[in-house]
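**Student:** This is the structure I have questions about; it appears just below.
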Amino acid sequence: MGKKYNIAVIPGDGIGPEITTAAIEVLEAAASRKDIEIFTKELKAGGAAIDAFGIPLPQETIDSAKESDAVLLGAVGGPKWDKVEPEIRPEKALLGLRSGLGLYANIRPVIVFDELKDASPLKNPGHIDFIIVRELTGGIYFGKNGTYQSGDKLPDGTVKGQVAFDTESYSEGEINRILKIAFELAMKRRKKVTLVDKANVLVTSRMWRSLASQMSSDYPEVEFETLYVDNAAMQLIGRPSSFDVIVTSNLFGDILSDEAGQIAGSIGMLPSASLGANGVPGLFEPIHGSAPDIAGQDKANPFATMLSVAMMMRTLGEDEIASEIENAVKKTLSSGFRTSDITFDDEGKNIKLVGTKEITKAVIDNL
């Protein structure tokens, strides 16, 4: 008897149900060829959970997610829930899932497929294939913050008035565990790690740099470089093909990963994973939103979710299945199949504009 995996599926809102259905169909087709059984359990989170239960993240969803081998998430949110109270907005489900599962590392691959180079805003993008490893549960987003009134005056005599503050804080443990993930990833790839910080200004960044330099000695095969975040933002545009694994803090990772997503030409192609300690189920999701304007119209691009499933299987140790899904996506692109978001200047090319269901069938055929 083959292996079995229990996957918690959170379709979410908008196009979420369509893209998760497509991705699971591809996964089941790939797994069946390897005598592997995939068991799925559908859970509610985001707007769908607000409609059903009045809250964005029911305890049952967290409990079931913890009992699974991995969690696949579609997308949450949409204008339908714009007027709900801030504390129960659909997006709160993401933070709740990450904290509930203890997920502290966000892994976001950025790949420009040869077939989609024309979609990149870069004129000659070259071969772009790197990963951003972002610390997810520390830093300025989770530090002490607040406001207070001050009667003090600035040098020019202006009264300060209300003052707002946010605090950046990191511990050695938080930094070292994320650095280890980055170096281990690099060992499986092109053996290069780039630390992005602001060590010329920030004390926390100096700690990141010191600990990363120490850890690099444990990985002598890995080339290690450091970049200030402002320079890194420029170099991502100037020399994107030179990066392999980028590791950085929560704030810098949030900004740079979106910049990198733009380089790829379409966020409909970019997967992600949020990981925690060994044995904790990871959360895998496309980076795009719920796209309510095209929901239910068979227009959604499921590639990012399929590639998220590939990441999921690789994390579970099923490298062969992961590679087969990735290769099937590439074959489908090479065959000219496109959803509307990745159709650009295709004059003279054999391009087939299709919907979610047809492109899913094409991927399964290409397995």
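In the structure tokens, chains take letters A, B, ... by order of appearance, with residues numbered from 1 within each chain and ligands from 1 in the order shown.
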From range 160-297 of chain A, collect each residue whose DSSP state is helix (DSSP H, G or I) and return the set as number ranges by chain.
**Tutor:** A: 172-187, 203-216, 229-238, 240-242, 250-263, 267-269, 292-294
**Student:** Give me, as JSON lines, each residue of range 305-328 of chain A that comes within 12 Å of range 31-44 of chain A, together with its shortest interatomic pair and the distance in Å at one decimal, counting only C-alpha atoms, with rows ordered by chain and rising residue number.
**Tutor:**
{"residue": "A:Val309", "atom": "CA", "partner": "A:Ala31", "partner_atom": "CA", "distance": 11.5}
{"residue": "A:Ala310", "atom": "CA", "partner": "A:Ala31", "partner_atom": "CA", "distance": 11.2}
{"residue": "A:Met313", "atom": "CA", "partner": "A:Ala31", "partner_atom": "CA", "distance": 9.8}
{"residue": "A:Glu318", "atom": "CA", "partner": "A:Ala31", "partner_atom": "CA", "distance": 9.5}
{"residue": "A:Asp319", "atom": "CA", "partner": "A:Ala31", "partner_atom": "CA", "distance": 11.6}
{"residue": "A:Glu320", "atom": "CA", "partner": "A:Lys34", "partner_atom": "CA", "distance": 9.2}
{"residue": "A:Ile321", "atom": "CA", "partner": "A:Ala31", "partner_atom": "CA", "distance": 6.8}
{"residue": "A:Ala322", "atom": "CA", "partner": "A:Ala31", "partner_atom": "CA", "distance": 9.8}
{"residue": "A:Ser323", "atom": "CA", "partner": "A:Ala31", "partner_atom": "CA", "distance": 11.9}
{"residue": "A:Glu324", "atom": "CA", "partner": "A:Ala31", "partner_atom": "CA", "distance": 9.9}
{"residue": "A:Ile325", "atom": "CA", "partner": "A:Ala31", "partner_atom": "CA", "distance": 9.9}
**Student:** Can you spit out the residues from that selection as an mmCIF file, in the first residue's frame, using C-alpha atoms?
**Tutor:**
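To be explicit, this is the file written out as selection.cif:
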data_model
loop_
_atom_site.group_PDB
_atom_site.id
_atom_site.type_symbol
_atom_site.label_atom_id
_atom_site.label_comp_id
_atom_site.auth_asym_id
_atom_site.auth_seq_id
_atom_site.Cartn_x
_atom_site.Cartn_y
_atom_site.Cartn_z
ATOM 1 C CA VAL A 309 0.958 22.358 -4.373
ATOM 2 C CA ALA A 310 4.292 21.389 -5.925
ATOM 3 C CA MET A 313 4.766 18.031 -1.957
ATOM 4 C CA GLU A 318 7.807 14.012 -2.540
ATOM 5 C CA ASP A 319 10.311 15.689 -4.881
ATOM 6 C CA GLU A 320 9.334 13.535 -7.845
ATOM 7 C CA ILE A 321 5.666 14.535 -7.726
ATOM 8 C CA ALA A 322 6.656 18.177 -7.218
ATOM 9 C CA SER A 323 8.909 18.131 -10.268
ATOM 10 C CA GLU A 324 6.248 16.428 -12.380
ATOM 11 C CA ILE A 325 3.693 19.128 -11.539
#
**Student:** Interatomic distance between CA of Ile107 in chain A and CA of Leu270 in chain A?
**Tutor:**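 One can read the CA of Ile107 in chain A to CA of Leu270 in chain A distance as 10.9 Å.
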**Student:** Using DSSP on the backbone coordinates, identify all residues within range 156-214 of chain A classified as strand (DSSP E or B); present the result as a list in words.
**Tutor:**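 Written out, the strand (DSSP E or B) residues of range 156-214 of chain A are Val159, Lys160, Gly161, Gln162, Val163, Ala164, Phe165, Asp166, Lys192, Val193, Thr194, Leu195, Val196 and Asp197 of chain A.
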**Student:** Let me see the file: selected residues, C-alpha atoms, as a PDB file, in the first residue's frame.
**Tutor:**
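Saved result, result_17.pdb, follows:
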ATOM      1  CA  VAL A 159       5.069  71.577  18.911  1.00  0.00           C
ATOM      2  CA  LYS A 160       5.289  67.807  18.451  1.00  0.00           C
ATOM      3  CA  GLY A 161       1.655  67.113  19.344  1.00  0.00           C
ATOM      4  CA  GLN A 162       0.612  63.502  18.889  1.00  0.00           C
ATOM      5  CA  VAL A 163       3.476  61.006  18.506  1.00  0.00           C
ATOM      6  CA  ALA A 164       3.119  57.505  17.006  1.00  0.00           C
ATOM      7  CA  PHE A 165       5.719  54.780  17.411  1.00  0.00           C
ATOM      8  CA  ASP A 166       6.435  51.227  16.211  1.00  0.00           C
ATOM      9  CA  LYS A 192      24.317  31.463  -2.697  1.00  0.00           C
ATOM     10  CA  VAL A 193      22.684  33.435   0.132  1.00  0.00           C
ATOM     11  CA  THR A 194      22.095  37.193   0.122  1.00  0.00           C
ATOM     12  CA  LEU A 195      21.230  38.835   3.437  1.00  0.00           C
ATOM     13  CA  VAL A 196      19.255  42.051   3.032  1.00  0.00           C
ATOM     14  CA  ASP A 197      19.428  44.453   5.977  1.00  0.00           C
TER      15      ASP A 197
END
**Student:** With distances taken over only C-alpha atoms, which of A:Ser120, A:Tyr5, A:Gly173, A:Phe113 is nearest to Asn327 in chain A?
**Tutor:**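 The closest residue to Asn327 in chain A is A:Phe113.
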**Student:** Which residues are close to range 246-250 of chain A, i.e. within 8 Å by only C-alpha atoms, leaving aside same-chain residues fewer than 4 positions away? Reply as a list in words.
**Tutor:**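 Near range 246-250 of chain A, the qualifying residues are Phe130, Ile131, Ile132, Val133, Arg134, Glu135, Leu136, Thr137, Gly138, Gly139, Ile140, Tyr141, Ile178, Leu179, Ala182, Val193, Thr194, Leu195, Val196, Asp197 and Asp254 of chain A.
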**Student:** Go through A:Leu283, A:Val84, A:Gly14, A:Arg209 and flag the residue nearest Ala105 in chain A, using only C-alpha atoms for the distances.
**Tutor:**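 When distances to Ala105 in chain A are compared using only C-alpha atoms, the smallest one comes from A:Leu283.
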**Student:** Just how far from CA of Pro292 in chain A is CA of Ser308 in chain A, in Å to one decimal?
**Tutor:** 20.6 Å
**Student:** Go through A:Leu202, A:Ile50, A:Leu275, A:Leu94 and flag the residue nearest Ile181 in chain A, using only C-alpha atoms for the distances.
**Tutor:** A:Leu275
**Student:** Please compute the CA of Gly336 in chain A-CA of Ile351 in chain A distance, one decimal, in Å.
**Tutor:**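 According to the coordinates, CA of Gly336 in chain A and CA of Ile351 in chain A are separated by 4.4 Å.
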**Student:** Considering only C-alpha atoms, state which residue in the set A:Gly265, A:Pro109, A:Pro281, A:Gly289 is at the smallest distance from Ile342 in chain A.
**Tutor:**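 Ranking A:Gly265, A:Pro109, A:Pro281, A:Gly289 by distance to Ile342 in chain A, first place goes to A:Gly265.
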